[in-house]
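Enquirer: Data: coords-v2.cif, mmCIF, C-alpha atoms.
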```cif
data_my_file
loop_
_atom_site.label_atom_id
_atom_site.label_comp_id
_atom_site.auth_asym_id
_atom_site.auth_seq_id
_atom_site.Cartn_x
_atom_site.Cartn_y
_atom_site.Cartn_z
CA MET D 961 -38.55 40.45 4.41
CA VAL D 962 -37.74 37.58 6.76
CA ARG D 963 -37.43 35.21 3.82
CA LEU D 964 -35.09 37.61 2.00
CA THR D 965 -32.95 37.94 5.14
CA GLN D 966 -32.75 34.16 5.44
CA GLN D 967 -31.75 33.85 1.78
CA LEU D 968 -29.04 36.49 2.19
CA SER D 969 -27.78 34.83 5.34
CA HIS D 970 -27.66 31.48 3.61
CA ALA D 971 -25.82 32.96 0.64
CA LEU D 972 -23.28 34.62 2.91
CA ILE D 973 -22.62 31.35 4.74
CA LEU D 974 -22.13 29.45 1.50
CA THR D 975 -19.90 32.20 0.16
CA ALA D 976 -17.73 31.87 3.25
CA VAL D 977 -17.60 28.11 2.77
CA ILE D 978 -16.65 28.54 -0.88
CA THR D 979 -13.92 31.02 0.07
CA ALA D 980 -12.56 28.59 2.65
CA ALA D 981 -12.66 25.78 0.12
CA GLY D 982 -10.72 27.87 -2.33
CA CYS D 983 -8.06 28.69 0.26
CA SER D 984 -7.67 25.19 1.69
CA SER D 985 -5.52 22.56 0.06
CA THR D 986 -5.92 18.80 0.08
CA SER D 987 -3.24 18.16 -2.52
CA PRO D 988 -0.98 15.17 -1.82
CA VAL D 989 2.49 15.88 -0.51
CA LYS D 990 5.85 14.12 -0.71
CA TYR D 991 4.92 11.75 2.09
CA THR D 992 7.91 11.21 4.36
CA GLY D 993 7.03 7.58 5.07
CA ILE D 994 7.04 6.47 1.43
CA GLY D 995 10.51 5.82 0.08
CA ALA D 996 9.83 6.65 -3.57
CA THR D 997 8.76 10.21 -2.82
CA SER D 998 12.39 11.18 -2.18
CA ARG D 999 12.99 10.61 -5.89
CA MET D 1000 9.97 12.55 -7.08
CA THR D 1001 10.11 16.04 -8.56
CA PRO D 1002 7.35 18.57 -9.29
CA ASN D 1003 5.24 17.45 -12.22
CA THR D 1004 5.17 19.95 -15.08
CA ALA D 1005 2.85 17.94 -17.35
CA ASP D 1006 -0.80 18.70 -18.05
CA ASP D 1007 -1.97 16.43 -15.23
CA SER D 1008 -0.04 18.29 -12.54
CA ASP D 1009 -3.28 19.35 -10.84
CA ARG D 1010 -3.99 15.71 -10.00
CA ILE D 1011 -0.37 14.49 -9.83
CA PRO D 1012 1.81 17.20 -8.27
CA PHE D 1013 4.91 15.01 -7.85
CA ARG D 1014 6.26 12.16 -9.96
CA TYR D 1015 9.27 10.06 -10.92
CA ALA D 1016 9.63 8.23 -14.22
CA ILE D 1017 12.28 6.69 -16.45
CA PRO D 1018 11.94 5.62 -20.10
CA VAL D 1019 10.26 2.20 -20.13
CA ASP D 1020 9.22 -0.21 -22.87
CA TRP D 1021 5.95 -1.17 -21.24
CA SER D 1022 5.12 -3.52 -24.11
CA LYS D 1023 7.54 -6.17 -22.81
CA TYR D 1024 5.51 -6.66 -19.65
CA ARG D 1025 2.60 -9.08 -19.66
CA ASN D 1026 2.04 -9.59 -15.94
CA ILE D 1027 1.57 -7.30 -12.98
CA ILE D 1028 1.67 -8.20 -9.30
CA LEU D 1029 -0.54 -6.01 -7.15
CA ASP D 1030 0.60 -5.89 -3.54
CA PRO D 1031 -2.03 -5.48 -0.79
CA ILE D 1032 -3.03 -1.84 -0.46
CA GLU D 1033 -1.16 -0.11 2.35
CA ILE D 1034 -3.05 2.36 4.52
CA TYR D 1035 -0.49 5.06 5.16
CA GLY D 1036 -0.03 5.93 8.82
CA GLY D 1037 2.52 8.75 8.70
CA SER D 1038 2.01 12.05 10.50
CA ASP D 1039 1.52 13.74 7.11
CA ALA D 1040 -1.39 11.47 6.11
CA GLN D 1041 -4.51 13.35 4.96
CA PHE D 1042 -7.43 11.36 6.33
CA ASN D 1043 -8.84 14.12 8.55
CA ASP D 1044 -11.60 12.47 10.60
CA LEU D 1045 -12.08 9.44 8.35
CA SER D 1046 -12.69 6.39 10.51
CA GLN D 1047 -10.41 3.36 10.48
CA GLU D 1048 -13.30 1.30 9.14
CA ASP D 1049 -13.86 3.68 6.23
CA ARG D 1050 -10.13 3.65 5.47
CA ARG D 1051 -10.11 -0.16 5.39
CA ASN D 1052 -13.23 -0.32 3.23
CA LEU D 1053 -11.76 2.22 0.80
CA ALA D 1054 -8.49 0.27 0.63
CA ASP D 1055 -10.44 -2.91 -0.16
CA TYR D 1056 -12.35 -1.06 -2.87
CA MET D 1057 -9.07 0.26 -4.25
CA GLN D 1058 -7.58 -3.25 -4.37
CA LYS D 1059 -10.58 -4.53 -6.31
CA LYS D 1060 -10.88 -1.67 -8.78
CA PHE D 1061 -7.20 -1.39 -9.65
CA ALA D 1062 -7.03 -5.16 -10.20
CA GLU D 1063 -10.08 -5.03 -12.47
CA GLY D 1064 -8.68 -2.11 -14.44
CA LEU D 1065 -5.21 -3.60 -14.89
CA ALA D 1066 -6.72 -6.91 -15.97
CA GLN D 1067 -7.78 -5.21 -19.21
CA LYS D 1068 -4.14 -5.22 -20.36
CA PHE D 1069 -2.18 -7.45 -17.97
CA THR D 1070 -2.42 -10.79 -16.23
CA VAL D 1071 -2.82 -9.76 -12.61
CA ASN D 1072 -0.96 -11.63 -9.84
CA ALA D 1073 0.40 -14.36 -12.12
CA SER D 1074 2.98 -16.78 -10.76
CA ALA D 1075 6.43 -15.24 -10.53
CA GLY D 1076 8.83 -16.09 -13.36
CA THR D 1077 6.20 -16.84 -16.00
CA ALA D 1078 6.96 -13.67 -17.99
CA PRO D 1079 8.42 -10.19 -17.43
CA SER D 1080 6.35 -8.75 -14.62
CA LEU D 1081 5.66 -5.43 -12.99
CA ARG D 1082 5.07 -5.03 -9.28
CA LEU D 1083 2.65 -2.35 -8.13
CA LYS D 1084 2.47 -0.92 -4.64
CA LEU D 1085 -0.37 1.45 -3.82
CA SER D 1086 -0.53 3.41 -0.59
CA LEU D 1087 -3.79 5.04 0.46
CA THR D 1088 -2.60 8.31 1.97
CA GLY D 1089 -5.72 10.39 2.44
CA ALA D 1090 -9.45 10.67 1.81
CA GLU D 1091 -12.46 12.76 2.73
CA THR D 1092 -16.16 11.96 2.82
CA THR D 1093 -18.88 14.00 1.14
CA PRO D 1094 -21.31 15.60 3.64
CA GLN D 1095 -24.70 14.06 2.96
CA VAL D 1096 -27.49 16.34 1.65
CA VAL D 1097 -25.19 19.40 1.75
CA GLY D 1098 -22.90 17.95 -0.92
CA THR D 1099 -25.84 17.36 -3.24
CA PHE D 1100 -27.51 20.70 -2.45
CA THR D 1101 -24.42 22.70 -3.44
CA LYS D 1102 -24.69 21.41 -7.02
CA PHE D 1103 -27.84 23.49 -7.48
CA ASP D 1104 -27.74 26.25 -4.86
CA LEU D 1105 -27.37 29.80 -6.20
CA ALA D 1106 -24.05 30.17 -4.39
CA GLY D 1107 -22.64 26.67 -4.80
CA GLY D 1108 -23.93 25.97 -8.31
CA PRO D 1109 -21.86 28.59 -10.19
CA TYR D 1110 -18.74 27.64 -8.24
CA ASN D 1111 -19.18 23.98 -9.15
CA ILE D 1112 -19.82 24.81 -12.81
CA VAL D 1113 -16.53 26.71 -12.98
CA GLN D 1114 -14.73 23.88 -11.18
CA SER D 1115 -16.26 21.38 -13.58
CA VAL D 1116 -14.87 23.26 -16.58
CA ARG D 1117 -11.46 23.61 -14.90
CA GLY D 1118 -11.38 20.00 -13.78
CA GLY D 1119 -11.24 21.10 -10.17
CA ARG D 1120 -12.82 19.57 -7.07
CA GLY D 1121 -16.40 20.50 -6.31
CA LEU D 1122 -17.60 22.30 -3.20
CA MET D 1123 -18.07 19.96 -0.22
CA SER D 1124 -16.89 17.01 -2.33
CA GLY D 1125 -14.91 14.05 -1.09
CA TYR D 1126 -11.60 12.92 -2.58
CA VAL D 1127 -8.92 10.25 -2.35
CA ASN D 1128 -5.13 10.68 -2.18
CA TYR D 1129 -2.66 7.87 -2.81
CA ALA D 1130 0.89 7.01 -3.82
CA VAL D 1131 1.86 4.75 -6.72
CA GLU D 1132 5.12 2.80 -7.03
CA VAL D 1133 5.72 0.59 -10.09
CA LYS D 1134 8.82 -1.59 -10.21
CA ASP D 1135 10.31 -4.29 -12.40
CA ASP D 1136 9.55 -7.37 -10.33
CA ALA D 1137 12.75 -9.21 -11.30
CA THR D 1138 15.24 -6.40 -10.70
CA GLY D 1139 13.36 -4.22 -8.20
CA GLU D 1140 14.11 -1.13 -10.30
CA LEU D 1141 11.70 1.73 -9.76
CA LEU D 1142 10.11 2.58 -13.12
CA LEU D 1143 7.30 4.97 -12.23
CA ALA D 1144 6.14 6.64 -9.04
CA TYR D 1145 3.78 9.47 -8.25
CA VAL D 1146 1.36 10.83 -5.68
CA ALA D 1147 -2.13 11.68 -6.82
CA GLU D 1148 -5.43 13.18 -5.80
CA GLN D 1149 -8.62 12.05 -7.50
CA TYR D 1150 -12.24 13.17 -7.19
CA PRO D 1151 -15.39 13.20 -9.32
CA ASN D 1152 -16.35 15.96 -11.71
CA ALA D 1153 -17.66 18.94 -9.77
CA MET D 1154 -21.13 18.53 -11.31
CA ASN D 1155 -21.33 14.77 -10.78
CA VAL D 1156 -24.49 14.58 -8.67
CA GLY D 1157 -24.40 10.79 -8.46
CA ALA D 1158 -21.09 10.94 -6.60
CA THR D 1159 -22.73 12.85 -3.74
CA PHE D 1160 -25.02 9.98 -2.75
CA GLY D 1161 -23.21 8.02 -0.07
CA SER D 1162 -20.49 9.56 2.05
CA MET D 1163 -17.71 7.54 0.37
CA SER D 1164 -19.05 7.73 -3.19
CA ALA D 1165 -16.81 10.63 -4.23
CA ALA D 1166 -13.68 8.93 -2.90
CA GLU D 1167 -14.68 5.71 -4.65
CA THR D 1168 -15.25 7.59 -7.90
CA GLY D 1169 -11.76 9.00 -7.44
CA VAL D 1170 -10.41 5.46 -7.11
CA ASP D 1171 -12.16 4.48 -10.35
CA LYS D 1172 -10.53 7.41 -12.15
CA GLY D 1173 -7.16 6.64 -10.61
CA ALA D 1174 -7.26 3.06 -11.87
CA GLU D 1175 -8.04 4.25 -15.39
CA GLN D 1176 -5.24 6.81 -15.21
CA LEU D 1177 -2.61 4.28 -14.15
CA LEU D 1178 -3.66 1.84 -16.86
CA GLU D 1179 -3.15 4.54 -19.48
CA LYS D 1180 0.33 5.27 -18.15
CA ILE D 1181 1.65 1.70 -18.15
CA SER D 1182 -0.20 0.08 -21.06
CA LEU D 1183 1.38 2.04 -23.90
CA ASN D 1184 2.21 -0.42 -26.67
CA SER D 1185 1.26 -3.37 -24.47
CA ARG D 1186 -0.96 -6.09 -25.84
#
```
Hey, can you dump this file as structure tokens for me?
Expert:
Amino acid sequence: MVRLTQQLSHALILTAVITAAGCSSTSPVKYTGIGATSRMTPNTADDSDRIPFRYAIPVDWSKYRNIILDPIEIYGGSDAQFNDLSQEDRRNLADYMQKKFAEGLAQKFTVNASAGTAPSLRLKLSLTGAETTPQVVGTFTKFDLAGGPYNIVQSVRGGRGLMSGYVNYAVEVKDDATGELLLAYVAEQYPNAMNVGATFGSMSAAETGVDKGAEQLLEKISLNSR
């Protein structure tokens, strides 16, 4: 009887957590401290769940061979979404972001080549928010009777898992020679809701989100490029 009561109590607590997770929002906003967001409009494409706001003009990406990646900016506006993430974790995540985006872009572009050698893009990334994954609890919810079904549904929908970390950021891509803004968006990225590996290490989910974000950007700006 005691064991059944404990199980029911645990289920009720997790149900409350799940309900709260469903009601809360971590989606990126039109950050007031980032100039390009004033030109963004609601995204109506299929990826609107990850990219709620964007700006884009028709671009022949194939003419660009180089891309200059500016140092990652850690956004400090009042509408940043870091919650209780420490300054050290923010810096470490920004460093990881710098590395992974450079590695991803290097698949199609020469990264940080000397100016004037060929038509070049300039990329500015702003880290605007992130959340850690609670250790043990984040892993447990993948299999718990209350958390498991929720995460399965989220996995199918492409939504964020229960008690899972995430990363939010802003992207600004310009023509380096003219300074014209070609593409800009704000994004949220996180691992698949049933990705158990991304629950080991408090920053692993945010880092997985960075990996996915780098792949996503490469797809957007490498169309018809070499």
Enquirer: Excluding same-chain residues fewer than 5 positions from range 1125-1131 of chain D, what lies within 9 Å of it counting only C-alpha atoms, as a ChimeraX atom specification?
Expert: /D:986-988,991,994,996-997,1035,1041-1042,1083-1094,1098,1120,1143-1151,1158-1159,1162-1170,1177
Enquirer: Quick one, how far is CA of Arg1014 in chain D from CA of Gly1139 in chain D?
Expert: 17.9 Å
Enquirer: Apply the PyMOL selection byres ((chain D and resi 1068-1070) around 8) to the structure shown and report the selected residues as number ranges by chain.
Expert: D: 1024-1027, 1065-1067, 1071-1073, 1178, 1182, 1185-1186
Enquirer: Put a box with edges along x, y and z around all the listed atoms of range 1020-1025 of chain D, pad it by 6 Å on each side, then give me its centre and sizes in Å, one decimal, as lines of an AutoDock Vina configuration file.
Expert:
```
center_x = 5.9
center_y = -4.6
center_z = -21.9
size_x = 18.6
size_y = 20.9
size_z = 16.5
```
Enquirer: At what distance in Å, to one decimal, does CA of Ser1080 in chain D lie from CA of Ile1011 in chain D?
Expert: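 These atoms are spaced 24.7 Å apart.
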Enquirer: Nearest to Asp1030 in chain D among D:Ala1174, D:Met1000, D:Val989, D:Met1057, with distances taken over all atoms listed in the file: which residue is it?
Expert: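 Closest to Asp1030 in chain D, using all atoms listed in the file: D:Met1057.
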Enquirer: Step by step: start from the point (-9.5, 1.2, 0.0) in the file's coordinates, keep every protein, DNA or RNA residue that has an atom no farther than 9 Å from it, count all atoms listed in the file, and write the set as a list in words.
Expert: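 Every residue inside that radius is included here: Ile1032, Glu1033, Ile1034, Asp1049, Arg1050, Arg1051, Asn1052, Leu1053, Ala1054, Asp1055, Tyr1056, Met1057, Gln1058, Lys1059, Leu1087, Glu1167 and Val1170 of chain D.
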